[in-house]
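**Q** After the structure tokens below, expect a handful of questions from me.
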Amino acid sequence: MSFIISGDTHGTIDLRKIVLFFNEHENEYTSDDYLIICGDVGVCGFSTSDEAEARRVLRELPVTTLFVDGNHENFEQLNSYGVDIWNGGKVHFVESKIIHLMRGQVFDIDGTRFFTFGGAHSIDKNLRAEGITWFPEEIPTREEYEEGWNNLERVDFQVDYILSHTGPREVVAAMGYGELSDDEVELRQYLQRVADNTEFTAWYFGHFHEDTEVEDTFFCLYDEMIIID
């Protein structure tokens, strides 16, 4: 089993990297493998035609697609799906092969344990329409923070990998992004607390549209894709 980790795809805007990867690795992956996208996916997006095309591309991949939510998702649509339990954590089945890994969950996928926590702040929300192209649900709730912490406590703060959209405060600062006077400060601080208290091998996130490695442990992904075998 393999996990292919990718950064944002934004509907079809940045989906080409996914298509190229699987074209270059034709017949190497099967339904036993997973593509994981670290937010801003767009399968519940703002354009019906773009959303449909993104779903078609992902549906036709040989693998199952898993994703955490970013800030550019249609949360009203995403949250309209029923909540299911899958490999120990809460999910939304957008389609049978396109699965949203909800915030604050611990998943055990054939012996590999992931902690997931999506969400981030849209710096351009003043240019967007609330309830149409921007949703307040992009920022986690107090209940989601607490549920995530409780789930980590349940596994003694030991996981293999952490998946998020934005990153921990100190990691983001090391990348050159200072504190913002917005709601993402609390989220980054929460993720920093998770980083400080949890044993894990690597942390993958997107959001910043660059490929950067911090301390050999934290990986911001955009064009680069990482394979975990």
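FYI, nothing fancy with the structure tokens labels: chains A, B, ... in order, residues from 1 per chain, ligands from 1 as they appear.
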Applying 6 Å and only C-alpha atoms, which residues near stretch 132-146 of chain A remain after dropping the ones on its own chain fewer than 5 positions away? List them as number ranges by chain.
**A** A: 71, 119-120
**Q** Using only C-alpha atoms, what table do you get, as a tab-separated table, when you list each residue of stretch 9-57 of chain A with an atom no more than 9 Å from stretch 76-83 of chain A, its nearest pair of atoms, and their distance in Å rounded to one decimal, rows by chain then rising number?
**A**
residue	atom	partner	partner_atom	distance
A:Val43	CA	A:Leu78	CA	8.7
A:Cys44	CA	A:Leu78	CA	5.9
A:Gly45	CA	A:Gln77	CA	8.3
**Q** For the residues in that selection, give me C-alpha atoms as a tab-separated table (two decimals), in the first residue's frame.
**A**
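Result went into part.tsv, see below:
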chain	number	residue	atom	x	y	z
A	43	VAL	CA	-14.74	18.73	-5.38
A	44	CYS	CA	-17.27	20.73	-3.42
A	45	GLY	CA	-16.44	24.00	-5.11
**Q** Could you tell me how far atom CA of A:Phe46 lies from atom CA of A:Lys90, in Å and to one decimal?
**A**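 For atom CA of A:Phe46 relative to atom CA of A:Lys90, the distance reads 24.1 Å.
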**Q** Write out as a Markdown table the residues of stretch 1-86 of chain A that have any atom within 7 Å of an atom of stretch 161-183 of chain A, one row each with the nearest atom pair and its distance in Å to one decimal, counting only C-alpha atoms, sorted by chain and then rising number.
**A**
| residue | atom | partner | partner_atom | distance |
| --- | --- | --- | --- | --- |
| A:Cys38 | CA | A:His165 | CA | 5.4 |
| A:Gly39 | CA | A:His165 | CA | 5.2 |
| A:Val68 | CA | A:Ser164 | CA | 6.5 |
| A:Asp69 | CA | A:His165 | CA | 7.0 |
| A:Gly70 | CA | A:His165 | CA | 5.4 |
**Q** Can I get the selected residues back with N, CA, C and O atoms, as a short mmCIF file (atom, residue, chain, number, x, y, z; two decimals), in the first residue's frame?
**A**
data_model
loop_
_atom_site.label_atom_id
_atom_site.label_comp_id
_atom_site.auth_asym_id
_atom_site.auth_seq_id
_atom_site.Cartn_x
_atom_site.Cartn_y
_atom_site.Cartn_z
N CYS A 38 -3.96 17.87 0.54
CA CYS A 38 -3.94 18.64 1.79
C CYS A 38 -4.73 19.94 1.68
O CYS A 38 -4.24 21.03 2.00
N GLY A 39 -5.97 19.84 1.25
CA GLY A 39 -6.88 20.97 1.29
C GLY A 39 -7.00 21.74 -0.01
O GLY A 39 -6.22 21.57 -0.94
N VAL A 68 -8.17 16.49 3.30
CA VAL A 68 -8.60 17.38 4.37
C VAL A 68 -9.13 18.65 3.70
O VAL A 68 -8.76 18.95 2.56
N ASP A 69 -9.99 19.37 4.38
CA ASP A 69 -10.52 20.59 3.80
C ASP A 69 -9.53 21.73 3.95
O ASP A 69 -8.76 21.79 4.90
N GLY A 70 -9.59 22.65 2.98
CA GLY A 70 -8.80 23.86 3.06
C GLY A 70 -9.68 25.03 3.45
O GLY A 70 -10.63 24.88 4.22
#
**Q** Using DSSP assignments from the backbone, pull out every residue in stretch 23-218 of chain A that falls under strand (DSSP E) and give it to me as a PyMOL selection string.
**A** chain A and resi 34-38+64-68+83-86+89-95+98-101+105-109+112-117+161-164+202-205+212-214+218
**Q** Print the selection's residues with N, CA and C atoms to a file, as a tab-separated table (two decimals), in the first residue's frame.
**A**
chain	number	residue	atom	x	y	z
A	34	TYR	N	-3.65	5.14	-2.03
A	34	TYR	CA	-4.41	6.36	-1.75
A	34	TYR	C	-3.67	7.60	-2.22
A	35	LEU	N	-4.41	8.52	-2.80
A	35	LEU	CA	-3.96	9.88	-3.01
A	35	LEU	C	-4.53	10.72	-1.89
A	36	ILE	N	-3.68	11.52	-1.23
A	36	ILE	CA	-4.14	12.41	-0.15
A	36	ILE	C	-3.84	13.85	-0.55
A	37	ILE	N	-4.87	14.70	-0.56
A	37	ILE	CA	-4.73	16.11	-0.94
A	37	ILE	C	-4.91	16.96	0.32
A	38	CYS	N	-3.96	17.87	0.54
A	38	CYS	CA	-3.94	18.64	1.79
A	38	CYS	C	-4.73	19.94	1.68
A	64	THR	N	-7.93	5.57	-4.47
A	64	THR	CA	-8.96	6.32	-3.75
A	64	THR	C	-8.37	7.65	-3.30
A	65	THR	N	-9.12	8.72	-3.46
A	65	THR	CA	-8.67	10.06	-3.05
A	65	THR	C	-9.21	10.40	-1.67
A	66	LEU	N	-8.32	10.79	-0.77
A	66	LEU	CA	-8.65	11.28	0.56
A	66	LEU	C	-8.24	12.74	0.62
A	67	PHE	N	-8.96	13.56	1.37
A	67	PHE	CA	-8.54	14.95	1.49
A	67	PHE	C	-9.00	15.57	2.80
A	68	VAL	N	-8.17	16.49	3.30
A	68	VAL	CA	-8.60	17.38	4.37
A	68	VAL	C	-9.13	18.65	3.70
A	83	VAL	N	-22.33	11.99	7.96
A	83	VAL	CA	-21.06	11.64	8.61
A	83	VAL	C	-21.00	10.12	8.78
A	84	ASP	N	-19.93	9.52	8.30
A	84	ASP	CA	-19.69	8.09	8.45
A	84	ASP	C	-18.40	7.87	9.22
A	85	ILE	N	-18.25	6.68	9.77
A	85	ILE	CA	-17.00	6.29	10.42
A	85	ILE	C	-16.26	5.38	9.45
A	86	TRP	N	-14.99	5.75	9.21
A	86	TRP	CA	-14.16	5.02	8.24
A	86	TRP	C	-12.75	4.88	8.82
A	89	GLY	N	-12.20	7.04	12.07
A	89	GLY	CA	-12.46	8.46	12.15
A	89	GLY	C	-13.66	8.89	11.34
A	90	LYS	N	-14.11	10.11	11.55
A	90	LYS	CA	-15.28	10.63	10.86
A	90	LYS	C	-14.93	11.13	9.46
A	91	VAL	N	-15.79	10.80	8.50
A	91	VAL	CA	-15.57	11.20	7.11
A	91	VAL	C	-16.88	11.63	6.47
A	92	HIS	N	-16.75	12.35	5.35
A	92	HIS	CA	-17.84	12.56	4.41
A	92	HIS	C	-17.48	11.81	3.13
A	93	PHE	N	-18.36	10.93	2.69
A	93	PHE	CA	-18.17	10.29	1.40
A	93	PHE	C	-18.77	11.19	0.33
A	94	VAL	N	-17.91	11.97	-0.32
A	94	VAL	CA	-18.37	12.80	-1.44
A	94	VAL	C	-18.77	11.88	-2.59
A	95	GLU	N	-17.93	10.89	-2.82
A	95	GLU	CA	-18.22	9.76	-3.69
A	95	GLU	C	-17.52	8.56	-3.06
A	98	ILE	N	-13.91	9.28	-3.27
A	98	ILE	CA	-13.48	10.63	-2.91
A	98	ILE	C	-13.98	10.89	-1.49
A	99	ILE	N	-13.08	10.89	-0.53
A	99	ILE	CA	-13.47	10.87	0.88
A	99	ILE	C	-12.85	12.05	1.63
A	100	HIS	N	-13.70	12.82	2.30
A	100	HIS	CA	-13.24	13.94	3.11
A	100	HIS	C	-12.91	13.46	4.52
A	101	LEU	N	-11.65	13.64	4.93
A	101	LEU	CA	-11.21	13.30	6.28
A	101	LEU	C	-11.49	14.50	7.18
A	105	GLN	N	-9.58	14.14	13.56
A	105	GLN	CA	-9.80	12.69	13.56
A	105	GLN	C	-8.49	11.93	13.52
A	106	VAL	N	-8.52	10.73	14.06
A	106	VAL	CA	-7.40	9.80	13.96
A	106	VAL	C	-7.86	8.60	13.14
A	107	PHE	N	-7.14	8.34	12.07
A	107	PHE	CA	-7.46	7.21	11.18
A	107	PHE	C	-6.34	6.19	11.23
A	108	ASP	N	-6.72	4.92	11.27
A	108	ASP	CA	-5.74	3.84	11.18
A	108	ASP	C	-6.02	3.11	9.87
A	109	ILE	N	-5.20	3.36	8.87
A	109	ILE	CA	-5.39	2.80	7.55
A	109	ILE	C	-4.37	1.69	7.35
A	112	THR	N	-1.26	2.27	9.43
A	112	THR	CA	-0.66	3.60	9.38
A	112	THR	C	-1.64	4.59	9.98
A	113	ARG	N	-1.19	5.32	10.99
A	113	ARG	CA	-2.08	6.19	11.75
A	113	ARG	C	-1.88	7.65	11.35
A	114	PHE	N	-2.99	8.30	11.00
A	114	PHE	CA	-2.99	9.71	10.60
A	114	PHE	C	-3.86	10.53	11.55
A	115	PHE	N	-3.40	11.74	11.85
A	115	PHE	CA	-4.23	12.74	12.51
A	115	PHE	C	-4.52	13.82	11.49
A	116	THR	N	-5.79	14.23	11.38
A	116	THR	CA	-6.19	15.18	10.35
A	116	THR	C	-6.81	16.43	10.97
A	117	PHE	N	-6.44	17.58	10.40
A	117	PHE	CA	-7.06	18.81	10.88
A	117	PHE	C	-7.02	19.86	9.78
A	161	TYR	N	1.58	10.10	10.93
A	161	TYR	CA	1.62	11.30	10.10
A	161	TYR	C	0.48	12.25	10.48
A	162	ILE	N	0.73	13.54	10.27
A	162	ILE	CA	-0.29	14.55	10.50
A	162	ILE	C	-0.56	15.27	9.17
A	163	LEU	N	-1.84	15.47	8.88
A	163	LEU	CA	-2.28	16.12	7.65
A	163	LEU	C	-3.10	17.35	8.01
A	164	SER	N	-2.76	18.49	7.45
A	164	SER	CA	-3.53	19.71	7.71
A	164	SER	C	-3.49	20.57	6.44
A	202	ALA	N	6.15	12.60	10.27
A	202	ALA	CA	6.16	13.75	9.37
A	202	ALA	C	4.80	14.42	9.37
A	203	TRP	N	4.80	15.71	9.03
A	203	TRP	CA	3.58	16.52	8.96
A	203	TRP	C	3.51	17.12	7.55
A	204	TYR	N	2.37	16.95	6.89
A	204	TYR	CA	2.17	17.46	5.53
A	204	TYR	C	1.04	18.48	5.51
A	205	PHE	N	1.28	19.60	4.80
A	205	PHE	CA	0.24	20.62	4.68
A	205	PHE	C	0.41	21.35	3.35
A	212	THR	N	8.20	23.51	0.53
A	212	THR	CA	9.19	23.88	1.54
A	212	THR	C	9.27	22.80	2.60
A	213	GLU	N	10.48	22.51	3.05
A	213	GLU	CA	10.70	21.54	4.13
A	213	GLU	C	11.28	22.27	5.32
A	214	VAL	N	10.72	22.03	6.49
A	214	VAL	CA	11.19	22.66	7.72
A	214	VAL	C	11.59	21.58	8.71
A	218	PHE	N	8.46	18.81	8.70
A	218	PHE	CA	7.26	19.49	8.23
A	218	PHE	C	7.41	19.80	6.74
**Q** Please provide the set of residues having any atom within 9 Å of stretch 3-16 of chain A, restricted to only C-alpha atoms, with same-chain residues fewer than 3 positions apart removed, written as an NGL selection string.
**A** :A and (19-21 or 33-45 or 47 or 50-55 or 57 or 70 or 72-73 or 165 or 204-207 or 209-211 or 220-229)
